[in-house]
Structures are given as C-alpha cells and as structure tokens.
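Asks: What follows is target_10.cif; its format and atoms are mmCIF, C-alpha atoms and all ligand atoms.
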data_coords
loop_
_atom_site.label_atom_id
_atom_site.label_comp_id
_atom_site.auth_asym_id
_atom_site.auth_seq_id
_atom_site.Cartn_x
_atom_site.Cartn_y
_atom_site.Cartn_z
CA ARG A 1 -68.78 -69.41 48.59
CA GLY A 2 -65.03 -69.04 48.39
CA THR A 3 -62.87 -65.96 47.93
CA LEU A 4 -60.62 -65.32 44.96
CA TYR A 5 -57.35 -63.80 46.19
CA ILE A 6 -55.17 -61.93 43.69
CA VAL A 7 -51.70 -62.36 45.14
CA ALA A 8 -48.63 -60.33 44.11
CA THR A 9 -45.32 -62.25 44.09
CA PRO A 10 -41.71 -60.97 43.78
CA ILE A 11 -40.31 -59.41 40.60
CA GLY A 12 -36.82 -60.70 41.40
CA ASN A 13 -36.07 -60.63 45.09
CA MET A 14 -37.72 -63.47 47.03
CA ASP A 15 -37.70 -61.43 50.24
CA ASP A 16 -40.37 -59.22 48.68
CA LEU A 17 -42.99 -61.93 49.09
CA SER A 18 -45.14 -60.53 51.90
CA PRO A 19 -45.98 -62.51 55.04
CA ARG A 20 -49.64 -62.00 54.16
CA ALA A 21 -49.09 -63.48 50.69
CA VAL A 22 -47.49 -66.54 52.31
CA LYS A 23 -50.40 -66.84 54.74
CA VAL A 24 -52.98 -66.69 51.96
CA LEU A 25 -51.09 -69.08 49.67
CA SER A 26 -50.88 -71.53 52.59
CA SER A 27 -54.59 -71.29 53.35
CA VAL A 28 -56.26 -71.58 49.93
CA ALA A 29 -57.46 -74.88 48.45
CA VAL A 30 -56.12 -74.23 44.95
CA ILE A 31 -53.62 -71.89 43.30
CA ALA A 32 -54.17 -70.71 39.72
CA ALA A 33 -50.81 -69.85 38.16
CA GLU A 34 -49.62 -68.55 34.82
CA ASP A 35 -46.83 -71.14 34.56
CA THR A 36 -47.25 -74.01 37.00
CA ARG A 37 -43.59 -75.10 36.76
CA HIS A 38 -42.30 -71.61 37.52
CA SER A 39 -44.79 -71.10 40.37
CA GLY A 40 -44.12 -74.62 41.65
CA ARG A 41 -40.54 -73.51 42.36
CA LEU A 42 -41.71 -70.40 44.24
CA LEU A 43 -44.11 -72.48 46.34
CA GLN A 44 -41.43 -75.08 47.02
CA HIS A 45 -39.13 -72.27 48.19
CA ILE A 46 -41.68 -71.27 50.84
CA GLY A 47 -42.62 -74.86 51.66
CA ILE A 48 -46.14 -74.84 50.25
CA SER A 49 -47.55 -77.77 48.31
CA LYS A 50 -50.94 -77.13 46.70
CA PRO A 51 -52.91 -78.22 43.65
CA LEU A 52 -52.03 -75.83 40.80
CA ILE A 53 -54.22 -74.90 37.85
CA ALA A 54 -52.56 -73.39 34.77
CA LEU A 55 -54.21 -70.13 33.74
CA HIS A 56 -52.52 -68.35 30.88
CA ASP A 57 -53.62 -66.07 28.06
CA HIS A 58 -54.25 -68.97 25.69
CA ASN A 59 -56.52 -71.04 27.93
CA GLU A 60 -57.98 -68.47 30.30
CA ARG A 61 -61.56 -68.65 29.05
CA GLY A 62 -61.61 -72.44 29.23
CA ARG A 63 -60.17 -72.64 32.73
CA VAL A 64 -62.27 -69.90 34.25
CA GLN A 65 -65.39 -72.09 34.39
CA ASN A 66 -63.53 -74.72 36.38
CA ILE A 67 -62.16 -72.17 38.84
CA LEU A 68 -65.55 -70.49 39.25
CA GLU A 69 -67.12 -73.88 40.05
CA GLN A 70 -64.58 -74.43 42.81
CA LEU A 71 -65.21 -70.94 44.23
CA LEU A 72 -68.97 -71.43 44.09
CA ALA A 73 -68.53 -74.76 45.89
CA GLY A 74 -66.82 -72.89 48.75
CA ALA A 75 -63.11 -73.31 48.00
CA ASP A 76 -60.79 -70.30 48.34
CA VAL A 77 -58.56 -69.81 45.30
CA ALA A 78 -55.39 -67.70 44.87
CA LEU A 79 -54.25 -66.33 41.53
CA ILE A 80 -50.55 -65.64 41.01
CA SER A 81 -48.50 -64.83 37.91
CA ASP A 82 -44.84 -65.50 37.08
CA ALA A 83 -43.78 -62.22 38.66
CA GLY A 84 -45.36 -59.19 40.26
CA THR A 85 -49.04 -58.37 40.30
CA PRO A 86 -51.48 -60.54 38.33
CA LEU A 87 -53.48 -58.77 35.58
CA ILE A 88 -50.76 -56.13 35.11
CA SER A 89 -49.59 -57.27 31.64
CA ASP A 90 -50.42 -60.75 32.94
CA PRO A 91 -53.41 -63.14 32.79
CA GLY A 92 -56.44 -62.99 35.09
CA TYR A 93 -58.78 -60.36 33.64
CA VAL A 94 -61.41 -62.84 32.45
CA LEU A 95 -61.32 -64.70 35.77
CA VAL A 96 -61.69 -61.55 37.90
CA ARG A 97 -64.42 -60.18 35.67
CA GLU A 98 -66.46 -63.40 35.75
CA ALA A 99 -65.92 -63.89 39.49
CA ARG A 100 -67.26 -60.38 40.12
CA ALA A 101 -70.19 -61.03 37.77
CA GLU A 102 -71.04 -64.07 39.94
CA GLY A 103 -70.98 -61.81 43.00
CA LEU A 104 -67.95 -63.62 44.43
CA ARG A 105 -65.52 -61.86 46.76
CA VAL A 106 -62.30 -60.89 44.96
CA SER A 107 -59.59 -59.60 47.29
CA PRO A 108 -56.14 -58.25 46.35
CA ILE A 109 -53.04 -59.15 48.34
CA PRO A 110 -50.84 -56.26 47.16
CA GLY A 111 -47.12 -56.40 46.65
CA PRO A 112 -44.44 -56.00 43.98
CA CYS A 113 -45.30 -54.48 40.62
CA ALA A 114 -42.50 -53.53 38.23
CA LEU A 115 -44.16 -50.36 36.95
CA VAL A 116 -44.84 -48.95 40.42
CA ALA A 117 -41.36 -49.88 41.67
CA ALA A 118 -39.79 -48.26 38.59
CA LEU A 119 -41.82 -45.05 38.86
CA SER A 120 -41.18 -44.74 42.59
CA ALA A 121 -37.42 -44.49 42.02
CA ALA A 122 -37.16 -42.84 38.59
CA GLY A 123 -37.43 -39.18 39.54
CA LEU A 124 -40.06 -38.45 36.89
CA PRO A 125 -43.44 -36.83 37.67
CA THR A 126 -45.83 -39.42 39.11
CA ASP A 127 -48.87 -37.22 39.70
CA ARG A 128 -50.15 -38.39 36.35
CA PHE A 129 -48.85 -41.38 34.40
CA LEU A 130 -50.05 -43.60 31.59
CA PHE A 131 -49.12 -47.28 31.67
CA VAL A 132 -49.08 -48.60 28.13
CA GLY A 133 -47.97 -52.20 28.72
CA PHE A 134 -45.85 -53.64 25.89
CA LEU A 135 -45.41 -51.61 22.70
CA PRO A 136 -45.95 -53.46 19.40
CA ALA A 137 -43.00 -55.78 18.69
CA LYS A 138 -42.45 -54.67 15.09
CA GLY A 139 -40.73 -51.36 14.29
CA ALA A 140 -43.45 -49.77 12.15
CA GLY A 141 -46.23 -50.59 14.63
CA ARG A 142 -44.09 -49.40 17.52
CA ARG A 143 -43.36 -46.05 15.88
CA THR A 144 -47.07 -45.54 15.10
CA ALA A 145 -47.92 -46.26 18.74
CA LEU A 146 -45.25 -43.80 19.91
CA GLU A 147 -46.49 -41.19 17.42
CA GLU A 148 -49.96 -41.43 18.98
CA LEU A 149 -48.43 -40.82 22.43
CA ARG A 150 -46.10 -38.01 21.40
CA LYS A 151 -48.28 -35.21 22.78
CA GLU A 152 -49.31 -36.99 25.96
CA VAL A 153 -48.43 -34.82 28.97
CA ALA A 154 -48.54 -37.66 31.52
CA THR A 155 -45.38 -39.68 32.23
CA LEU A 156 -45.46 -42.76 29.96
CA VAL A 157 -44.56 -46.21 31.26
CA PHE A 158 -43.87 -49.26 29.07
CA TYR A 159 -42.72 -52.81 29.65
CA GLU A 160 -40.06 -54.06 27.24
CA SER A 161 -38.12 -57.22 26.58
CA PRO A 162 -34.29 -57.16 26.53
CA HIS A 163 -33.92 -57.98 22.84
CA ARG A 164 -36.02 -54.98 21.78
CA ILE A 165 -34.82 -52.38 24.28
CA LEU A 166 -32.22 -50.72 22.02
CA ASN A 167 -34.61 -50.43 19.08
CA THR A 168 -37.35 -49.08 21.32
CA VAL A 169 -35.11 -46.37 22.78
CA ALA A 170 -33.96 -45.47 19.25
CA ASP A 171 -37.60 -45.19 18.15
CA ILE A 172 -38.46 -42.98 21.15
CA ALA A 173 -35.58 -40.67 20.18
CA GLU A 174 -36.73 -40.61 16.57
CA VAL A 175 -40.46 -40.11 17.17
CA MET A 176 -40.52 -38.11 20.41
CA GLY A 177 -37.25 -36.28 19.97
CA ALA A 178 -33.62 -37.05 20.88
CA GLN A 179 -33.87 -34.57 23.78
CA ARG A 180 -36.91 -36.19 25.44
CA GLU A 181 -36.05 -37.25 29.00
CA ILE A 182 -36.32 -40.98 29.63
CA VAL A 183 -35.51 -43.34 32.50
CA LEU A 184 -34.99 -47.11 32.19
CA GLY A 185 -35.33 -49.33 35.25
CA ARG A 186 -33.46 -52.57 34.62
CA GLU A 187 -33.48 -55.76 36.74
CA ILE A 188 -35.30 -54.00 39.58
CA THR A 189 -34.81 -55.71 42.97
CA LYS A 190 -32.21 -58.05 41.41
CA ALA A 191 -28.40 -58.17 41.74
CA PHE A 192 -27.78 -56.01 38.66
CA GLU A 193 -30.46 -53.40 39.28
CA THR A 194 -29.62 -50.28 37.24
CA PHE A 195 -31.42 -47.04 36.46
CA TYR A 196 -30.39 -45.26 33.25
CA SER A 197 -31.59 -41.69 32.88
CA GLY A 198 -31.03 -38.77 30.55
CA THR A 199 -32.15 -37.73 27.10
CA ALA A 200 -33.31 -40.50 24.77
CA ALA A 201 -30.13 -39.99 22.74
CA ASP A 202 -27.85 -40.22 25.84
CA VAL A 203 -29.54 -43.33 27.19
CA HIS A 204 -29.29 -44.99 23.78
CA ALA A 205 -25.56 -44.25 23.68
CA THR A 206 -25.04 -45.52 27.26
CA LEU A 207 -26.87 -48.77 26.52
CA THR A 208 -24.93 -49.30 23.32
CA ASP A 209 -21.62 -48.82 25.16
CA ASP A 210 -22.52 -51.08 28.09
CA PRO A 211 -21.89 -54.74 27.16
CA HIS A 212 -24.53 -55.82 29.70
CA GLY A 213 -26.77 -52.85 28.93
CA SER A 214 -29.46 -54.67 27.05
CA ARG A 215 -29.65 -57.75 29.27
CA GLY A 216 -32.41 -58.36 31.74
CA GLU A 217 -35.87 -56.94 32.20
CA PHE A 218 -36.75 -53.30 31.61
CA VAL A 219 -39.36 -50.74 32.50
CA VAL A 220 -39.18 -47.77 30.12
CA MET A 221 -40.39 -44.40 31.37
CA VAL A 222 -40.73 -41.28 29.24
CA ARG A 223 -41.32 -37.78 30.55
CA GLY A 224 -44.61 -36.42 29.18
CA ALA A 225 -44.72 -33.67 26.56
CA GLU A 226 -44.47 -30.11 27.87
CA LYS A 227 -47.97 -28.59 28.07
CA ALA A 228 -47.19 -25.68 25.75
CA GLU A 229 -45.49 -28.00 23.30
CA ALA A 230 -48.41 -30.42 23.43
CA GLY A 231 -50.84 -27.60 22.62
CA LEU A 232 -48.73 -26.23 19.81
CA MET A 233 -48.14 -29.67 18.38
CA ALA A 234 -51.85 -30.33 18.48
CA GLY A 235 -52.32 -27.12 16.50
CA GLU A 236 -54.67 -25.96 19.24
CA LEU A 237 -55.46 -22.34 19.89
CA ASP A 238 -53.62 -21.20 23.03
CA VAL A 239 -56.54 -19.19 24.45
CA ASP A 240 -54.68 -17.86 27.49
CA HIS A 241 -51.82 -16.64 25.32
CA LEU A 242 -54.19 -15.02 22.85
CA LEU A 243 -56.19 -13.33 25.62
CA GLY A 244 -52.94 -11.99 27.06
CA LEU A 245 -52.04 -10.43 23.72
CA LEU A 246 -55.49 -8.90 23.31
CA MET A 247 -55.55 -7.55 26.87
CA ALA A 248 -52.22 -5.84 26.27
CA GLU A 249 -53.80 -3.99 23.34
CA LEU A 250 -56.78 -2.77 25.38
CA PRO A 251 -56.69 0.81 26.63
N1 LIG A 301 -47.17 -58.55 36.38
C1 LIG A 301 -45.83 -57.99 36.33
C2 LIG A 301 -45.77 -56.76 37.24
O1 LIG A 301 -46.55 -56.64 38.17
O2 LIG A 301 -44.91 -55.91 37.03
C3 LIG A 301 -45.39 -57.71 34.91
C4 LIG A 301 -45.41 -58.90 34.00
S1 LIG A 301 -44.90 -58.58 32.36
C5 LIG A 301 -45.31 -60.08 31.56
C6 LIG A 301 -43.15 -58.68 32.44
C7 LIG A 301 -42.47 -57.35 32.19
O3 LIG A 301 -42.44 -56.62 33.40
C8 LIG A 301 -41.02 -57.46 31.76
O4 LIG A 301 -40.90 -57.63 30.35
C9 LIG A 301 -40.45 -56.14 32.20
O5 LIG A 301 -40.77 -55.12 31.28
C10 LIG A 301 -41.23 -55.90 33.50
N2 LIG A 301 -40.49 -56.41 34.66
C11 LIG A 301 -40.80 -57.48 35.42
N3 LIG A 301 -39.88 -57.63 36.41
C12 LIG A 301 -38.98 -56.64 36.26
C13 LIG A 301 -37.79 -56.25 36.97
N4 LIG A 301 -37.36 -56.95 38.01
N5 LIG A 301 -37.12 -55.15 36.53
C14 LIG A 301 -37.56 -54.45 35.48
N6 LIG A 301 -38.66 -54.77 34.77
C15 LIG A 301 -39.36 -55.85 35.16
#
Could you express the structure from this file as structure tokens?
Ligand code: SAM

Replies:
Amino acid sequence: RGTLYIVATPIGNMDDLSPRAVKVLSSVAVIAAEDTRHSGRLLQHIGISKPLIALHDHNERGRVQNILEQLLAGADVALISDAGTPLISDPGYVLVREARAEGLRVSPIPGPCALVAALSAAGLPTDRFLFVGFLPAKGAGRRTALEELRKEVATLVFYESPHRILNTVADIAEVMGAQREIVLGREITKAFETFYSGTAADVHATLTDDPHGSRGEFVVMVRGAEKAEAGLMAGELDVDHLLGLLMAELP
C-alpha cells in the first residue's frame, strides 16, 4: 500500500520549496494538484515530469476514488495545491479523510503556509489564534461574520483577496472598532512584501493612500478583544470584580 504525502509548496518565493519536498515529488508515482497547469510549471522549474491528477473543490469527491485505488495498489501519491500547504483554505480534506479511513499512511511534508508566515512576523499575540479562512464575499455576510467574532480574545487571522481588502478593513473598523489593532501581511516572500500595522482606521487610510496598497495577496490579522471588554460586551458577570467589591466591604 502506498503513502499519501501532503506536500507544502512556496507561497511566492521558489527557494522556499524544501529539499525534502523535491525528493518526495521526484519519488512518487502520481501528483494530485489543484490546478495541473499551474503545478506543471512548478514541476518543470525543478525538472520533474510526473502524471498529474486534477483535484479541486468541484471534483474532489469524484477523483478521490481513483487516487485511493492507486494508493491501495501500492503507488505513492503526493498532494500539492497552487501555493502553500494543502487543505489550508485549499482542497484535499476529502482525500485525506478517506485515505485515513482506509488505514493508509498519510504523511505531511511541511513548509510554507501564508497564515503561519504572517503571524510569525506580525507582532501580535500568537499564544492563541483563530484562523477563519476567507470571510463571506458580500458586505452584509462579512459584517455578520465579524460581529460574531467581535468578542473573541484570540488573535484572528483571515485570508482575503486584493479586490475586497479595502472593504474588509473598513468593515473591521466599523464592526470591531476603529481603534482595534490590525496587521496586514501583503505579498509575503515576494518582491513587494509589506506589513501594514496600526489601528483599523490607520491601516485603512494607509491602504487608500498607497496606489499599490490593495494589490497582491493578503493575510489579515486582528488583535483579539481585551478580556475585560469581552466580558463586559458579553454582559457577563465579572465575578472577580464583584468579589473584590464585596471583600472590601467585609469587616
Ligand atoms: N494553502 C495556502 C496556504 O498554505 O497559505 C492558502 C491558499 S488560499 C486559496 C490563498 C490565500 O492565501 C490568498 O488569498 C491570501 O489571502 C493568502 N496568501 C497566499 N499566499 C500569500 C502571500 N504570499 N502573501 C500573503 N497572503 C498570501
């Protein structure tokens, strides 16, 4: 029985492809890729020519059977996505789930991931974070989603596309407060890598002023709500505070 390798590929800088990723991609019988044309170019760049199977969100269920059959017949298979780590806002969940259900070996070949790269350099708390993937594309849905996250104390991390970034930052300012601290990681590992940080209002102004500000790919990070604020907003009883007041009254 073969092994399914989940292989991370660069998010912009080709030098980030690990030697181990190259070794595994060279050794497998088949490579399942989100976009075979895009991945064909990556493989050409490293001099690898392999049969490719397209596995994207719209055909994943159909293709999984075929890939499982190859694994069960003893072929090793690698899964890659267009950029970064497969399954992180990318296809592969059904394949990994079914492969595990069959008792097949699934092994990660770790490497670039935009959310981890962004968090590692943002200067926001990373002891607890909540990755939310992409927010809803439409304004009303996006604001509802943000409203639900307003009291979250963990650092929030979103992926966003360039044509929505300004509206998303405006919605964060509106729903979570203009003073909420945010950091945007743009074009990470690429030539125009930029980190924008400050209050939601400041970052919105900076992006609006920068003619290239809303070009490229973005990771949006939002500092979590302050604990006290989260409690008050939730209308919860602050037991410690109350006990303190009562204790002060005791003889
Ligand atoms: N699987 C990928 C990963 O491991 O990060 C993410 C794929 S998701 C479809 C694409 C989104 O990731 C983009 O819209 C953007 O939000 C983020 N992203 C990918 N590459 C990036 C980069 N170089 N700089 C900033 N954000 C990036």

Asks: With ligand LIG 301 (chain A) as the partner and 8 Å as the cut-off, tabulate the residues of chain A that qualify, each row holding the nearest pair of atoms and their distance in Å to one decimal, using all atoms listed in the file, sorted by chain and rising number, as a tab-separated table.

Replies:
residue	atom	partner	partner_atom	distance
A:Ala8	CA	A:LIG301	O1	7.3
A:Ile11	CA	A:LIG301	N3	4.6
A:Gly12	CA	A:LIG301	N4	5.1
A:Ser81	CA	A:LIG301	N1	6.6
A:Asp82	CA	A:LIG301	C4	7.3
A:Ala83	CA	A:LIG301	C1	5.2
A:Gly84	CA	A:LIG301	O1	3.5
A:Thr85	CA	A:LIG301	O1	3.7
A:Pro86	CA	A:LIG301	N1	5.1
A:Leu87	CA	A:LIG301	N1	6.4
A:Ile88	CA	A:LIG301	N1	4.5
A:Ser89	CA	A:LIG301	S1	4.9
A:Asp90	CA	A:LIG301	N1	5.2
A:Pro112	CA	A:LIG301	O1	6.2
A:Cys113	CA	A:LIG301	O1	3.5
A:Ala114	CA	A:LIG301	O2	3.6
A:Leu115	CA	A:LIG301	O2	5.6
A:Val116	CA	A:LIG301	O2	7.7
A:Ala118	CA	A:LIG301	C14	7.3
A:Gly133	CA	A:LIG301	S1	8.0
A:Phe134	CA	A:LIG301	O5	7.6
A:Phe158	CA	A:LIG301	O5	7.0
A:Tyr159	CA	A:LIG301	O5	3.4
A:Glu160	CA	A:LIG301	O5	4.2
A:Ser161	CA	A:LIG301	O4	4.7
A:Pro162	CA	A:LIG301	O4	7.6
A:Gly185	CA	A:LIG301	C14	5.6
A:Arg186	CA	A:LIG301	C14	4.6
A:Glu187	CA	A:LIG301	N5	3.7
A:Ile188	CA	A:LIG301	N5	3.7
A:Thr189	CA	A:LIG301	N4	5.7
A:Lys190	CA	A:LIG301	N4	6.3
A:Glu193	CA	A:LIG301	N5	7.4
A:Gly216	CA	A:LIG301	N5	7.4
A:Glu217	CA	A:LIG301	N6	4.4
A:Phe218	CA	A:LIG301	N6	4.0
A:Val219	CA	A:LIG301	N6	4.7
A:Val220	CA	A:LIG301	O5	7.6

Asks: Restricting the calculation to only C-alpha atoms: of A:Pro136, A:Pro51, A:Gly123, A:Pro108, which residue gets closest to Tyr196 (chain A)?

Replies: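 Comparing A:Pro136, A:Pro51, A:Gly123, A:Pro108 against Tyr196 (chain A), the winner is A:Gly123.
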
Asks: Name the residues in contact with region 13-25 of chain A at a cut-off of 8 Å, using only C-alpha atoms, excluding same-chain residues fewer than 2 positions from it; report them as an MDAnalysis selection string.

Replies: chainID A and resid 5 7:11 27:28 31 46 48 78 109 111:112 189:190

Asks: At a cut-off of 9 Å, using all atoms listed in the file, what residues contact Asp171 (chain A)? Leave out same-chain residues fewer than 3 positions from it and give the result as an mmCIF file with C-alpha atoms, in the coordinates of the input.

Replies:
data_model
loop_
_atom_site.group_PDB
_atom_site.id
_atom_site.type_symbol
_atom_site.label_atom_id
_atom_site.label_comp_id
_atom_site.auth_asym_id
_atom_site.auth_seq_id
_atom_site.Cartn_x
_atom_site.Cartn_y
_atom_site.Cartn_z
ATOM 1 C CA GLY A 139 -40.730 -51.360 14.290
ATOM 2 C CA ARG A 142 -44.090 -49.400 17.520
ATOM 3 C CA ARG A 143 -43.360 -46.050 15.880
ATOM 4 C CA LEU A 146 -45.250 -43.800 19.910
ATOM 5 C CA LEU A 166 -32.220 -50.720 22.020
ATOM 6 C CA ASN A 167 -34.610 -50.430 19.080
ATOM 7 C CA THR A 168 -37.350 -49.080 21.320
ATOM 8 C CA GLU A 174 -36.730 -40.610 16.570
ATOM 9 C CA VAL A 175 -40.460 -40.110 17.170
ATOM 10 C CA MET A 176 -40.520 -38.110 20.410
#

Asks: I need the residue nearest Gln70 (chain A) from this list: A:Ala29, A:Leu42, A:Val96, A:Val106. Use all atoms listed in the file for the distance.

Replies: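 Of A:Ala29, A:Leu42, A:Val96, A:Val106, the one nearest Gln70 (chain A) is A:Ala29, counting all atoms listed in the file.
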
Asks: Closest to Arg150 (chain A) among A:Ala137, A:Arg223, A:Thr36, A:Ser107, using all atoms listed in the file?

Replies: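 Nearest to Arg150 (chain A): A:Arg223.
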
Asks: Nearest to Ile80 (chain A): which of A:Glu102, A:Asp57, A:Asp209, A:Glu34 is it, counting all atoms listed in the file?

Replies: A:Glu34

Asks: Enclose the full set of atoms of region 154-160 of chain A listed in the file within a box whose edges lie along x, y and z, apply 5 Å of padding to each of the six sides, and report centre and edge lengths in Å to one decimal as lines of an AutoDock Vina configuration file.

Replies:
center_x = -44.3
center_y = -45.9
center_z = 29.7
size_x = 18.5
size_y = 26.4
size_z = 15.0

Asks: Do you know which residues are at most 12 Å from Asn59 (chain A) counting all atoms listed in the file, after dropping those on the same chain fewer than 4 positions away, and could you put them as a PyMOL selection string?

Replies: chain A and resi 33-35+53-55+63-66+91-92+94-95

Asks: Quick one: of A:Ala170, A:Ala145, A:Met221, A:Ala205, who's nearest to Leu119 (chain A), counting only C-alpha atoms?

Replies: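 Ranking A:Ala170, A:Ala145, A:Met221, A:Ala205 by distance to Leu119 (chain A), first place goes to A:Met221.
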
Asks: Could you jot down the CA of Ala99 (chain A) to CA of Leu72 (chain A) separation for me, Å, one decimal place?

Replies: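 About the pair CA of Ala99 (chain A) and CA of Leu72 (chain A): they are 9.3 Å apart.
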
Asks: So how many Å separate CA of Glu152 (chain A) and CA of Gly244 (chain A), to one decimal?

Replies: 25.3 Å

Asks: Taking all atoms listed in the file into account, name the residue in A:Arg61, A:Arg1, A:Arg215, A:Arg128 that is nearest to Arg97 (chain A).

Replies: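 Answer, going by the shortest atom-to-atom distance: A:Arg61.
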
Asks: May I ask for the distance between CA of His163 (chain A) and CA of Thr199 (chain A), given in Å to one decimal place?

Replies: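 So the answer is 20.8 Å.
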
Asks: Determine, counting all atoms listed in the file, which protein, DNA and RNA residues have an atom within 7 Å of an atom of Arg105 (chain A); residues of the same chain fewer than 2 positions away are not included. Present the result as a list in words.

Replies: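 So, after excluding close chain neighbours, the residues are Thr3, Leu4, Gly103 and Ser107 of chain A.
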
Asks: Complete region 150-170 of chain A with N, CA and C atoms (output as a PDB file, in the frame of the given file).

Replies:
ATOM      1  N   ARG A 150     -47.111 -39.063  21.412  1.00  0.00           N
ATOM      2  CA  ARG A 150     -46.100 -38.010  21.400  1.00  0.00           C
ATOM      3  C   ARG A 150     -46.520 -36.772  22.185  1.00  0.00           C
ATOM      4  N   LYS A 151     -47.810 -36.438  22.128  1.00  0.00           N
ATOM      5  CA  LYS A 151     -48.280 -35.210  22.780  1.00  0.00           C
ATOM      6  C   LYS A 151     -48.832 -35.444  24.167  1.00  0.00           C
ATOM      7  N   GLU A 152     -48.769 -36.663  24.631  1.00  0.00           N
ATOM      8  CA  GLU A 152     -49.310 -36.990  25.960  1.00  0.00           C
ATOM      9  C   GLU A 152     -48.489 -36.274  27.039  1.00  0.00           C
ATOM     10  N   VAL A 153     -49.168 -35.573  27.944  1.00  0.00           N
ATOM     11  CA  VAL A 153     -48.430 -34.820  28.970  1.00  0.00           C
ATOM     12  C   VAL A 153     -48.111 -35.676  30.207  1.00  0.00           C
ATOM     13  N   ALA A 154     -48.825 -36.786  30.373  1.00  0.00           N
ATOM     14  CA  ALA A 154     -48.540 -37.660  31.520  1.00  0.00           C
ATOM     15  C   ALA A 154     -47.231 -38.423  31.275  1.00  0.00           C
ATOM     16  N   THR A 155     -46.559 -38.812  32.360  1.00  0.00           N
ATOM     17  CA  THR A 155     -45.380 -39.680  32.230  1.00  0.00           C
ATOM     18  C   THR A 155     -45.837 -41.004  31.618  1.00  0.00           C
ATOM     19  N   LEU A 156     -45.090 -41.499  30.635  1.00  0.00           N
ATOM     20  CA  LEU A 156     -45.460 -42.760  29.960  1.00  0.00           C
ATOM     21  C   LEU A 156     -44.638 -43.908  30.539  1.00  0.00           C
ATOM     22  N   VAL A 157     -45.259 -45.036  30.724  1.00  0.00           N
ATOM     23  CA  VAL A 157     -44.560 -46.210  31.260  1.00  0.00           C
ATOM     24  C   VAL A 157     -44.831 -47.408  30.353  1.00  0.00           C
ATOM     25  N   PHE A 158     -43.749 -48.074  29.924  1.00  0.00           N
ATOM     26  CA  PHE A 158     -43.870 -49.260  29.070  1.00  0.00           C
ATOM     27  C   PHE A 158     -43.111 -50.429  29.695  1.00  0.00           C
ATOM     28  N   TYR A 159     -43.527 -51.627  29.373  1.00  0.00           N
ATOM     29  CA  TYR A 159     -42.720 -52.810  29.650  1.00  0.00           C
ATOM     30  C   TYR A 159     -41.993 -53.156  28.354  1.00  0.00           C
ATOM     31  N   GLU A 160     -40.774 -53.688  28.470  1.00  0.00           N
ATOM     32  CA  GLU A 160     -40.060 -54.060  27.240  1.00  0.00           C
ATOM     33  C   GLU A 160     -39.162 -55.259  27.485  1.00  0.00           C
ATOM     34  N   SER A 161     -38.978 -56.034  26.437  1.00  0.00           N
ATOM     35  CA  SER A 161     -38.120 -57.220  26.580  1.00  0.00           C
ATOM     36  C   SER A 161     -36.689 -56.836  26.188  1.00  0.00           C
ATOM     37  N   PRO A 162     -35.689 -57.561  26.738  1.00  0.00           N
ATOM     38  CA  PRO A 162     -34.290 -57.160  26.530  1.00  0.00           C
ATOM     39  C   PRO A 162     -33.885 -57.104  25.060  1.00  0.00           C
ATOM     40  N   HIS A 163     -34.420 -57.995  24.218  1.00  0.00           N
ATOM     41  CA  HIS A 163     -33.920 -57.980  22.840  1.00  0.00           C
ATOM     42  C   HIS A 163     -34.519 -56.864  21.994  1.00  0.00           C
ATOM     43  N   ARG A 164     -35.466 -56.107  22.550  1.00  0.00           N
ATOM     44  CA  ARG A 164     -36.020 -54.980  21.780  1.00  0.00           C
ATOM     45  C   ARG A 164     -35.641 -53.636  22.379  1.00  0.00           C
ATOM     46  N   ILE A 165     -34.981 -53.640  23.547  1.00  0.00           N
ATOM     47  CA  ILE A 165     -34.820 -52.380  24.280  1.00  0.00           C
ATOM     48  C   ILE A 165     -34.072 -51.312  23.462  1.00  0.00           C
ATOM     49  N   LEU A 166     -32.996 -51.718  22.776  1.00  0.00           N
ATOM     50  CA  LEU A 166     -32.220 -50.720  22.020  1.00  0.00           C
ATOM     51  C   LEU A 166     -33.049 -50.097  20.900  1.00  0.00           C
ATOM     52  N   ASN A 167     -33.778 -50.946  20.164  1.00  0.00           N
ATOM     53  CA  ASN A 167     -34.610 -50.430  19.080  1.00  0.00           C
ATOM     54  C   ASN A 167     -35.712 -49.522  19.615  1.00  0.00           C
ATOM     55  N   THR A 168     -36.272 -49.898  20.755  1.00  0.00           N
ATOM     56  CA  THR A 168     -37.350 -49.080  21.320  1.00  0.00           C
ATOM     57  C   THR A 168     -36.826 -47.707  21.725  1.00  0.00           C
ATOM     58  N   VAL A 169     -35.666 -47.672  22.375  1.00  0.00           N
ATOM     59  CA  VAL A 169     -35.110 -46.370  22.780  1.00  0.00           C
ATOM     60  C   VAL A 169     -34.768 -45.539  21.532  1.00  0.00           C
ATOM     61  N   ALA A 170     -34.261 -46.199  20.493  1.00  0.00           N
ATOM     62  CA  ALA A 170     -33.960 -45.470  19.250  1.00  0.00           C
ATOM     63  C   ALA A 170     -35.244 -44.900  18.658  1.00  0.00           C
TER      64      ALA A 170
END
